[in-house]
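For reference, coords_35.json is printed below; it contains JSON, C-alpha atoms and all ligand atoms.
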[["chain", "number", "residue", "atom", "x", "y", "z"],
["A", 713, "MET", "CA", 0.00, 0.00, 0.00],
["A", 714, "ALA", "CA", 1.43, 3.36, -1.05],
["A", 715, "THR", "CA", 0.61, 5.05, 2.24],
["A", 716, "ALA", "CA", 2.15, 2.33, 4.37],
["A", 717, "ALA", "CA", 5.28, 2.31, 2.19],
["A", 718, "LYS", "CA", 5.66, 6.03, 2.65],
["A", 719, "ILE", "CA", 5.31, 5.82, 6.42],
["A", 720, "ASP", "CA", 7.96, 3.08, 6.44],
["A", 721, "HIS", "CA", 10.52, 5.68, 5.41],
["A", 722, "TRP", "CA", 9.56, 8.07, 8.16],
["A", 723, "ASP", "CA", 10.79, 8.00, 11.72],
["A", 724, "VAL", "CA", 7.66, 8.16, 13.91],
["A", 725, "ARG", "CA", 8.16, 8.20, 17.68],
["A", 726, "ARG", "CA", 5.42, 8.40, 20.27],
["A", 727, "ILE", "CA", 6.00, 10.96, 22.99],
["A", 728, "THR", "CA", 3.58, 9.87, 25.73],
["A", 729, "GLY", "CA", 1.20, 7.02, 26.41],
["A", 730, "SER", "CA", -1.82, 9.22, 25.67],
["A", 731, "LEU", "CA", -1.13, 11.14, 22.46],
["A", 732, "GLY", "CA", 1.48, 12.83, 20.32],
["A", 733, "ALA", "CA", 4.28, 11.66, 18.01],
["A", 734, "GLU", "CA", 7.35, 13.27, 16.50],
["A", 735, "VAL", "CA", 7.81, 12.60, 12.79],
["A", 736, "ARG", "CA", 11.14, 12.91, 10.96],
["A", 737, "GLY", "CA", 12.22, 11.96, 7.46],
["A", 738, "ILE", "CA", 9.81, 14.14, 5.49],
["A", 739, "ALA", "CA", 10.23, 17.67, 4.11],
["A", 740, "LEU", "CA", 6.77, 19.18, 4.41],
["A", 741, "GLU", "CA", 7.36, 21.82, 1.73],
["A", 742, "LYS", "CA", 7.56, 18.95, -0.80],
["A", 743, "ALA", "CA", 4.51, 17.07, 0.50],
["A", 744, "GLY", "CA", 1.74, 16.16, -1.95],
["A", 745, "PRO", "CA", -1.55, 14.23, -1.76],
["A", 746, "ALA", "CA", 0.16, 10.86, -1.03],
["A", 747, "GLU", "CA", 2.07, 12.34, 1.91],
["A", 748, "ALA", "CA", -1.12, 14.05, 3.11],
["A", 749, "ASP", "CA", -2.91, 10.67, 3.15],
["A", 750, "ALA", "CA", -0.09, 9.19, 5.22],
["A", 751, "ILE", "CA", -0.15, 12.15, 7.62],
["A", 752, "ARG", "CA", -3.93, 11.79, 8.01],
["A", 753, "GLU", "CA", -3.43, 8.16, 9.06],
["A", 754, "LEU", "CA", -0.79, 9.17, 11.59],
["A", 755, "LEU", "CA", -3.01, 11.95, 12.89],
["A", 756, "THR", "CA", -5.90, 9.51, 13.39],
["A", 757, "GLU", "CA", -3.56, 7.34, 15.45],
["A", 758, "HIS", "CA", -1.61, 9.99, 17.43],
["A", 759, "LEU", "CA", -3.99, 13.04, 17.40],
["A", 760, "VAL", "CA", -1.12, 15.56, 17.44],
["A", 761, "LEU", "CA", 2.03, 15.37, 15.28],
["A", 762, "PHE", "CA", 5.28, 17.31, 15.53],
["A", 763, "PHE", "CA", 7.65, 17.73, 12.57],
["A", 764, "PRO", "CA", 10.94, 19.22, 13.82],
["A", 765, "ASP", "CA", 13.47, 21.07, 11.61],
["A", 766, "GLN", "CA", 11.10, 22.07, 8.81],
["A", 767, "ASP", "CA", 11.61, 24.92, 6.40],
["A", 768, "LEU", "CA", 8.19, 26.33, 5.56],
["A", 769, "ASN", "CA", 7.59, 29.91, 4.45],
["A", 770, "PRO", "CA", 4.10, 31.48, 4.43],
["A", 771, "ASP", "CA", 3.33, 30.27, 0.91],
["A", 772, "THR", "CA", 4.50, 26.67, 1.42],
["A", 773, "HIS", "CA", 2.77, 26.64, 4.82],
["A", 774, "ILE", "CA", -0.51, 27.60, 3.13],
["A", 775, "ALA", "CA", 0.04, 25.07, 0.32],
["A", 776, "PHE", "CA", 0.69, 22.31, 2.88],
["A", 777, "GLY", "CA", -2.49, 23.27, 4.78],
["A", 778, "ARG", "CA", -4.61, 23.13, 1.62],
["A", 779, "LEU", "CA", -3.72, 19.44, 1.23],
["A", 780, "PHE", "CA", -6.06, 18.85, 4.20],
["A", 781, "GLY", "CA", -9.04, 20.99, 3.19],
["A", 782, "GLU", "CA", -10.27, 24.53, 2.78],
["A", 783, "LEU", "CA", -8.53, 27.03, 5.07],
["A", 784, "GLU", "CA", -10.27, 29.51, 7.34],
["A", 785, "SER", "CA", -9.66, 33.20, 6.77],
["A", 786, "HIS", "CA", -8.99, 35.58, 9.63],
["A", 787, "PRO", "CA", -9.17, 39.09, 8.13],
["A", 788, "ASN", "CA", -8.36, 40.74, 11.47],
["A", 789, "LEU", "CA", -5.49, 38.47, 12.41],
["A", 790, "SER", "CA", -3.94, 37.73, 9.04],
["A", 791, "LEU", "CA", -0.38, 38.78, 8.38],
["A", 792, "ASP", "CA", -1.17, 40.49, 5.10],
["A", 793, "ALA", "CA", -4.17, 41.15, 2.88],
["A", 794, "GLU", "CA", -2.99, 38.72, 0.22],
["A", 795, "ARG", "CA", -2.93, 35.81, 2.64],
["A", 796, "PRO", "CA", -6.13, 36.09, 4.72],
["A", 797, "GLU", "CA", -5.83, 32.43, 5.77],
["A", 798, "PHE", "CA", -2.35, 32.87, 7.23],
["A", 799, "PHE", "CA", -1.91, 34.47, 10.62],
["A", 800, "GLU", "CA", 0.73, 35.16, 13.18],
["A", 801, "LEU", "CA", 0.57, 35.50, 16.97],
["A", 802, "ARG", "CA", 3.30, 37.27, 18.89],
["A", 803, "ALA", "CA", 3.85, 37.40, 22.64],
["A", 804, "LYS", "CA", 6.67, 38.70, 24.79],
["A", 805, "GLY", "CA", 7.14, 38.77, 28.54],
["A", 806, "GLY", "CA", 3.56, 37.85, 29.34],
["A", 807, "VAL", "CA", 2.13, 40.43, 26.92],
["A", 808, "GLY", "CA", 0.45, 39.38, 23.71],
["A", 809, "ALA", "CA", -1.62, 36.54, 22.39],
["A", 810, "ILE", "CA", -1.36, 33.53, 24.71],
["A", 811, "ALA", "CA", -3.99, 30.79, 24.63],
["A", 812, "ASP", "CA", -3.34, 29.80, 28.25],
["A", 813, "GLU", "CA", -6.76, 28.31, 28.96],
["A", 814, "TRP", "CA", -7.67, 24.79, 27.85],
["A", 815, "HIS", "CA", -9.77, 24.86, 24.68],
["A", 816, "SER", "CA", -10.71, 23.26, 21.39],
["A", 817, "ASP", "CA", -10.24, 25.90, 18.71],
["A", 818, "LEU", "CA", -13.39, 27.86, 17.90],
["A", 819, "SER", "CA", -15.83, 25.58, 19.70],
["A", 820, "CYS", "CA", -18.01, 28.73, 19.97],
["A", 821, "GLN", "CA", -18.82, 28.28, 16.26],
["A", 822, "GLU", "CA", -21.41, 25.99, 14.67],
["A", 823, "GLN", "CA", -18.55, 24.35, 12.78],
["A", 824, "PRO", "CA", -15.40, 24.36, 14.95],
["A", 825, "SER", "CA", -12.17, 23.93, 13.02],
["A", 826, "VAL", "CA", -11.05, 20.43, 12.02],
["A", 827, "LEU", "CA", -7.31, 20.83, 12.40],
["A", 828, "ALA", "CA", -4.63, 23.46, 12.80],
["A", 829, "ILE", "CA", -1.08, 23.59, 11.45],
["A", 830, "LEU", "CA", 1.26, 25.69, 13.54],
["A", 831, "HIS", "CA", 4.80, 26.85, 12.75],
["A", 832, "MET", "CA", 6.98, 27.80, 15.74],
["A", 833, "VAL", "CA", 8.95, 30.70, 14.28],
["A", 834, "LYS", "CA", 10.55, 32.03, 17.44],
["A", 835, "CYS", "CA", 10.40, 30.42, 20.85],
["A", 836, "PRO", "CA", 11.69, 31.61, 24.21],
["A", 837, "GLU", "CA", 14.82, 30.07, 25.69],
["A", 838, "PHE", "CA", 12.63, 28.36, 28.28],
["A", 839, "GLY", "CA", 8.90, 28.09, 28.93],
["A", 840, "GLY", "CA", 5.99, 28.55, 26.55],
["A", 841, "ASP", "CA", 5.42, 24.82, 26.10],
["A", 842, "THR", "CA", 2.06, 23.68, 24.75],
["A", 843, "MET", "CA", -0.06, 20.89, 26.21],
["A", 844, "TRP", "CA", -2.67, 18.79, 24.43],
["A", 845, "ALA", "CA", -5.17, 16.38, 25.98],
["A", 846, "ASN", "CA", -6.74, 13.29, 24.44],
["A", 847, "MET", "CA", -10.55, 13.63, 24.56],
["A", 848, "TYR", "CA", -11.11, 9.99, 23.52],
["A", 849, "LYS", "CA", -9.32, 8.91, 26.70],
["A", 850, "ALA", "CA", -11.15, 11.50, 28.77],
["A", 851, "TYR", "CA", -14.46, 9.99, 27.63],
["A", 852, "GLU", "CA", -13.41, 6.34, 27.77],
["A", 853, "ALA", "CA", -12.07, 6.60, 31.34],
["A", 854, "LEU", "CA", -15.40, 7.90, 32.71],
["A", 855, "SER", "CA", -17.58, 5.49, 34.69],
["A", 856, "GLN", "CA", -20.53, 4.00, 32.82],
["A", 857, "PRO", "CA", -23.13, 6.05, 34.77],
["A", 858, "MET", "CA", -21.26, 9.26, 33.90],
["A", 859, "LYS", "CA", -20.96, 8.22, 30.24],
["A", 860, "ASP", "CA", -24.70, 7.52, 30.16],
["A", 861, "LEU", "CA", -25.46, 10.94, 31.64],
["A", 862, "CYS", "CA", -23.09, 12.89, 29.37],
["A", 863, "GLU", "CA", -24.21, 11.22, 26.13],
["A", 864, "GLY", "CA", -27.72, 12.65, 26.48],
["A", 865, "LEU", "CA", -26.54, 16.23, 27.02],
["A", 866, "THR", "CA", -25.59, 19.27, 24.96],
["A", 867, "ALA", "CA", -23.65, 22.37, 25.98],
["A", 868, "LEU", "CA", -23.70, 26.03, 25.08],
["A", 869, "HIS", "CA", -20.32, 27.45, 23.99],
["A", 870, "ASP", "CA", -19.60, 31.16, 23.51],
["A", 871, "ALA", "CA", -16.80, 33.59, 22.67],
["A", 872, "HIS", "CA", -17.12, 35.56, 25.90],
["A", 873, "PRO", "CA", -13.33, 35.47, 26.50],
["A", 874, "HIS", "CA", -12.93, 37.28, 23.18],
["A", 875, "ASP", "CA", -15.53, 39.95, 24.03],
["A", 876, "LYS", "CA", -18.00, 38.39, 21.62],
["A", 877, "PRO", "CA", -20.56, 36.65, 23.86],
["A", 878, "GLU", "CA", -23.08, 36.85, 21.03],
["A", 879, "ASN", "CA", -21.03, 34.23, 19.15],
["A", 880, "MET", "CA", -22.61, 31.04, 20.45],
["A", 881, "ALA", "CA", -23.17, 27.44, 19.46],
["A", 882, "ILE", "CA", -24.68, 24.35, 21.06],
["A", 883, "HIS", "CA", -22.74, 21.09, 20.70],
["A", 884, "PRO", "CA", -23.09, 17.56, 22.04],
["A", 885, "VAL", "CA", -21.14, 16.90, 25.24],
["A", 886, "VAL", "CA", -20.00, 13.60, 23.69],
["A", 887, "ARG", "CA", -19.28, 13.66, 19.95],
["A", 888, "VAL", "CA", -18.39, 10.95, 17.45],
["A", 889, "HIS", "CA", -15.33, 11.40, 15.26],
["A", 890, "PRO", "CA", -16.29, 11.16, 11.57],
["A", 891, "VAL", "CA", -13.09, 9.28, 10.64],
["A", 892, "SER", "CA", -12.29, 7.05, 13.62],
["A", 893, "GLY", "CA", -15.90, 6.51, 14.76],
["A", 894, "ARG", "CA", -14.72, 6.92, 18.35],
["A", 895, "LYS", "CA", -16.54, 8.93, 21.00],
["A", 896, "SER", "CA", -14.86, 11.87, 22.71],
["A", 897, "LEU", "CA", -15.66, 14.46, 25.34],
["A", 898, "PHE", "CA", -16.35, 17.90, 23.85],
["A", 899, "VAL", "CA", -16.45, 20.54, 26.60],
["A", 900, "ASN", "CA", -13.65, 22.93, 27.49],
["A", 901, "GLU", "CA", -12.78, 25.52, 30.11],
["A", 902, "HIS", "CA", -12.41, 28.44, 27.68],
["A", 903, "PHE", "CA", -15.59, 28.33, 25.59],
["A", 904, "THR", "CA", -18.16, 26.06, 27.30],
["A", 905, "ARG", "CA", -20.66, 27.98, 29.47],
["A", 906, "ARG", "CA", -23.66, 25.85, 30.25],
["A", 907, "ILE", "CA", -25.15, 22.36, 30.04],
["A", 908, "VAL", "CA", -28.39, 23.08, 28.19],
["A", 909, "GLU", "CA", -30.55, 20.41, 29.85],
["A", 910, "MET", "CA", -29.56, 21.17, 33.48],
["A", 911, "ASN", "CA", -30.22, 24.02, 35.85],
["A", 912, "HIS", "CA", -27.32, 26.40, 36.28],
["A", 913, "LYS", "CA", -26.07, 24.93, 39.57],
["A", 914, "GLU", "CA", -26.05, 21.39, 38.23],
["A", 915, "SER", "CA", -24.43, 22.68, 35.05],
["A", 916, "ASP", "CA", -21.68, 24.51, 36.96],
["A", 917, "ALA", "CA", -20.91, 21.41, 39.02],
["A", 918, "LEU", "CA", -20.81, 19.03, 36.05],
["A", 919, "LEU", "CA", -18.80, 21.38, 33.81],
["A", 920, "SER", "CA", -16.33, 22.03, 36.60],
["A", 921, "PHE", "CA", -15.82, 18.29, 36.98],
["A", 922, "LEU", "CA", -15.66, 17.49, 33.26],
["A", 923, "THR", "CA", -13.29, 20.30, 32.26],
["A", 924, "GLY", "CA", -10.94, 19.41, 35.12],
["A", 925, "TRP", "CA", -11.20, 15.69, 34.38],
["A", 926, "ALA", "CA", -10.59, 16.17, 30.65],
["A", 927, "THR", "CA", -7.19, 17.70, 31.31],
["A", 928, "SER", "CA", -5.99, 15.18, 33.89],
["A", 929, "PRO", "CA", -2.21, 14.72, 33.48],
["A", 930, "ASP", "CA", -2.66, 11.09, 32.35],
["A", 931, "PHE", "CA", -4.51, 12.27, 29.24],
["A", 932, "THR", "CA", -1.95, 14.87, 28.14],
["A", 933, "VAL", "CA", 1.30, 15.55, 26.32],
["A", 934, "ARG", "CA", 3.49, 18.58, 27.02],
["A", 935, "TYR", "CA", 5.71, 19.66, 24.13],
["A", 936, "ARG", "CA", 8.93, 21.64, 24.39],
["A", 937, "TRP", "CA", 9.29, 23.64, 21.18],
["A", 938, "SER", "CA", 12.26, 24.36, 18.97],
["A", 939, "GLU", "CA", 12.23, 26.86, 16.14],
["A", 940, "GLY", "CA", 11.22, 25.40, 12.80],
["A", 941, "THR", "CA", 8.94, 22.76, 14.30],
["A", 942, "ILE", "CA", 5.54, 22.28, 12.65],
["A", 943, "ALA", "CA", 2.73, 20.91, 14.81],
["A", 944, "MET", "CA", -0.64, 19.77, 13.58],
["A", 945, "TRP", "CA", -3.52, 18.49, 15.65],
["A", 946, "ASP", "CA", -6.99, 17.10, 15.25],
["A", 947, "ASN", "CA", -9.21, 19.65, 16.96],
["A", 948, "ARG", "CA", -12.19, 17.25, 17.07],
["A", 949, "CYS", "CA", -10.71, 14.88, 19.65],
["A", 950, "THR", "CA", -8.17, 17.03, 21.53],
["A", 951, "GLN", "CA", -7.93, 20.27, 23.43],
["A", 952, "HIS", "CA", -4.83, 22.34, 24.12],
["A", 953, "CYS", "CA", -3.34, 25.07, 26.29],
["A", 954, "VAL", "CA", -0.17, 27.20, 26.16],
["A", 955, "LEU", "CA", 1.86, 27.66, 29.35],
["A", 956, "SER", "CA", 2.25, 31.37, 30.03],
["A", 957, "ASP", "CA", 5.51, 30.98, 31.97],
["A", 958, "PHE", "CA", 8.05, 32.60, 29.64],
["A", 959, "GLU", "CA", 9.83, 35.94, 29.44],
["A", 960, "GLY", "CA", 11.28, 35.94, 25.94],
["A", 961, "GLU", "CA", 9.55, 36.37, 22.62],
["A", 962, "ARG", "CA", 7.25, 33.70, 21.20],
["A", 963, "VAL", "CA", 6.08, 33.94, 17.58],
["A", 964, "ILE", "CA", 3.87, 31.37, 15.90],
["A", 965, "GLN", "CA", 2.30, 31.26, 12.47],
["A", 966, "ARG", "CA", -0.63, 29.06, 11.64],
["A", 967, "VAL", "CA", -3.28, 28.03, 9.17],
["A", 968, "THR", "CA", -6.55, 26.37, 10.16],
["A", 969, "VAL", "CA", -8.60, 23.84, 8.20],
["A", 970, "MET", "CA", -12.31, 24.69, 8.19],
["A", 971, "GLY", "CA", -14.66, 22.69, 10.31],
["A", 972, "ASP", "CA", -17.66, 20.41, 10.31],
["A", 973, "VAL", "CA", -20.75, 20.14, 12.53],
["A", 974, "PRO", "CA", -19.98, 17.90, 15.53],
["A", 975, "GLU", "CA", -22.00, 14.68, 15.41],
["A", 976, "ALA", "CA", -23.63, 13.62, 18.68],
["A", 977, "ALA", "CA", -22.98, 10.16, 20.14],
["A", 978, "GLU", "CA", -26.69, 10.05, 21.06],
["A", 979, "PRO", "CA", -29.58, 12.39, 20.29],
["A", 980, "PRO", "CA", -30.41, 14.77, 23.17],
["A", 981, "ARG", "CA", -32.64, 12.95, 25.64],
["A", 982, "TYR", "CA", -33.99, 15.96, 27.53],
["A", 983, "GLU", "CA", -35.52, 19.36, 26.88],
["A", 984, "PRO", "CA", -33.53, 22.53, 27.65],
["A", 985, "ASN", "CA", -33.79, 23.38, 31.32],
["A", 986, "ILE", "CA", -35.12, 26.91, 31.62],
["A", 987, "SER", "CA", -36.34, 28.05, 35.00],
["A", 988, "PRO", "CA", -39.74, 29.63, 35.50],
["A", 989, "ILE", "CA", -39.64, 33.39, 36.00],
["A", 990, "SER", "CA", -37.88, 34.02, 39.29],
["A", 991, "ALA", "CA", -34.79, 35.76, 40.63],
["A", 992, "THR", "CA", -32.73, 32.82, 39.35],
["A", 993, "SER", "CA", -33.91, 33.18, 35.76],
["A", 994, "ARG", "CA", -31.06, 35.64, 35.17],
["A", 995, "HIS", "CA", -28.81, 32.58, 34.88],
["A", 996, "ASP", "CA", -30.86, 31.35, 31.95],
["A", 997, "ARG", "CA", -31.11, 34.52, 29.85],
["A", 998, "GLN", "CA", -28.20, 33.77, 27.56],
["A", 999, "LEU", "CA", -29.50, 30.28, 26.88],
["A", 1000, "ILE", "CA", -33.07, 31.51, 26.29],
["A", 1001, "ARG", "CA", -31.77, 34.19, 23.90],
["A", 1002, "PHE", "CA", -29.80, 31.67, 21.91],
["A", 1003, "LEU", "CA", -32.65, 29.12, 21.76],
["A", 1004, "ASP", "CA", -34.97, 31.91, 20.52],
["A", 1005, "GLN", "CA", -32.51, 32.78, 17.75],
["A", 1006, "ARG", "CA", -32.38, 29.25, 16.38],
["A", 1101, "FE", "FE", -5.87, 27.18, 20.20]]
Can you turn what I pasted into structure tokens?
Amino acid sequence: MATAAKIDHWDVRRITGSLGAEVRGIALEKAGPAEADAIRELLTEHLVLFFPDQDLNPDTHIAFGRLFGELESHPNLSLDAERPEFFELRAKGGVGAIADEWHSDLSCQEQPSVLAILHMVKCPEFGGDTMWANMYKAYEALSQPMKDLCEGLTALHDAHPHDKPENMAIHPVVRVHPVSGRKSLFVNEHFTRRIVEMNHKESDALLSFLTGWATSPDFTVRYRWSEGTIAMWDNRCTQHCVLSDFEGERVIQRVTVMGDVPEAAEPPRYEPNISPISATSRHDRQLIRFLDQR
């Protein structure tokens, strides 16, 4: 098989027991459809891949990203007008763009991104590592009663941390991956606000548990960057977080492959929980507003 033969020439090394592999023996700027197929297979197995010592420029970075699907444009973040799908984030000494809360990219959208391809252009001498967590494992390690409960639920996500609380979406708490067919947990600390079918106190308690559980050390990998490393991850079954513990400059460039609608493991079993009019109904206003919009 062409794909297997290609992988045979690559050096693929797992980094932890949960997820992540370093891949050497391929120059990504020369990758074509056959290499993309092989990388997809590796991504399905390892969830996040690291390619050290690459030599991508903005144009070859974009071309590599397009092998995996249509790229999202970020007019406000893009590096230049001619490359709206290519953007750069800079941070120095604790100031700048640092994604230091656990999240799945853009889960506040109806179609969160599928995967991201990141180029570490400049990294600090120490610190600024990134962590990823395996959401298949986070789901599979739950007890059966908790799995049963979570599979019937949905959650409201919003872009409140980005001053855009009106950007909202409702997603299943447990989703099914369209390629692997595996179930994974799909709530995160950064974007997930509310379990739709519970009252706000129950929702707070369950989300607090699930978001903490999902990022248990046993489910994670922590990666120490070097300049020139390309990372790509499957956003549908992982979440990630940058450690904001560095003083030097950190510059990353990235492209993002556009998303799909998360598929629920089970249809919702319950109606949205909206309190009758009372002093506590203030906790439900955002949810009511969003349900009215749909
Ligand atoms: Fe992110």
Between CA of Asp771 in chain A and CA of Cys949 in chain A, what distance in Å does the model show, to one decimal? 28.0 Å
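Residue nearest ligand FE 1101 (chain A) within the list A:Ser819, A:Gln766, A:Asn985, A:Thr756: A:Ser819 [criterion: smallest interatomic distance, only C-alpha atoms and all ligand atoms].
Nearest to ligand FE 1101 (chain A) of all the residues A:Asp817, A:Glu757, A:Asp860, A:Asp875 is A:Asp817, based on all atoms listed in the file.
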Could you tell me which of A:Asp1004, A:Glu961, A:Asp812, A:Glu863 comes closest to ligand FE 1101 (chain A) if we count all atoms listed in the file?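 Result for the nearest residue to ligand FE 1101 (chain A): A:Asp812.
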Given all atoms listed in the file as the basis, pick out the residue of A:Asp930, A:Leu955, A:Ala748, A:Ala803 nearest to Phe780 in chain A. A:Ala748
What's around Asp723 in chain A at 8 Å? Count all atoms listed in the file, leave out sequence neighbours fewer than 2 positions away in its own chain, and write the answer as a tab-separated table (two decimals) with C-alpha atoms, keeping the file's coordinate frame.
chain	number	residue	atom	x	y	z
A	719	ILE	CA	5.31	5.82	6.42
A	720	ASP	CA	7.96	3.08	6.44
A	721	HIS	CA	10.52	5.68	5.41
A	725	ARG	CA	8.16	8.20	17.68
A	734	GLU	CA	7.35	13.27	16.50
A	735	VAL	CA	7.81	12.60	12.79
A	736	ARG	CA	11.14	12.91	10.96
A	737	GLY	CA	12.22	11.96	7.46
Show me which residues sit within 8 Å of ligand FE 1101 (chain A) when counting all atoms listed in the file, and put them as a list in words. Ala811, His815, Ser816, Asp817, Leu818, Gln951, His952 and Cys953 of chain A
Please write the residues from the selection above to a file, keeping C-alpha atoms, as a CSV table (one decimal), in the frame of the given file.
chain,number,residue,atom,x,y,z
A,811,ALA,CA,-4.0,30.8,24.6
A,815,HIS,CA,-9.8,24.9,24.7
A,816,SER,CA,-10.7,23.3,21.4
A,817,ASP,CA,-10.2,25.9,18.7
A,818,LEU,CA,-13.4,27.9,17.9
A,951,GLN,CA,-7.9,20.3,23.4
A,952,HIS,CA,-4.8,22.3,24.1
A,953,CYS,CA,-3.3,25.1,26.3
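Using only C-alpha atoms, the smallest distance between any of A:His995, A:Arg726, A:Arg795, A:Lys849 and Thr927 in chain A comes from A:Lys849.
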Tell me, as a count of residues only, which residues lie within 12 Å of Glu813 in chain A, counting only C-alpha atoms; anything in the same chain fewer than 6 positions away does not count. 18
Axis-aligned box for range 766-770 of chain A, 3 Å per side, centre and edges in Å as JSON:
{"center_x": 7.9, "center_y": 26.8, "center_z": 6.6, "size_x": 13.5, "size_y": 15.4, "size_z": 10.4}
With only C-alpha atoms as the atoms that count, which of A:Gln1005, A:Thr932, A:Gln823, A:Asn947 lies nearest to Ile727 in chain A?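 Using only C-alpha atoms, Ile727 in chain A sits closest to A:Thr932.
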Pairwise distance for CA of Thr950 in chain A and CA of Leu731 in chain A, rounded to one decimal in Å: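 Answer for the CA of Thr950 in chain A to CA of Leu731 in chain A separation: 9.2 Å.
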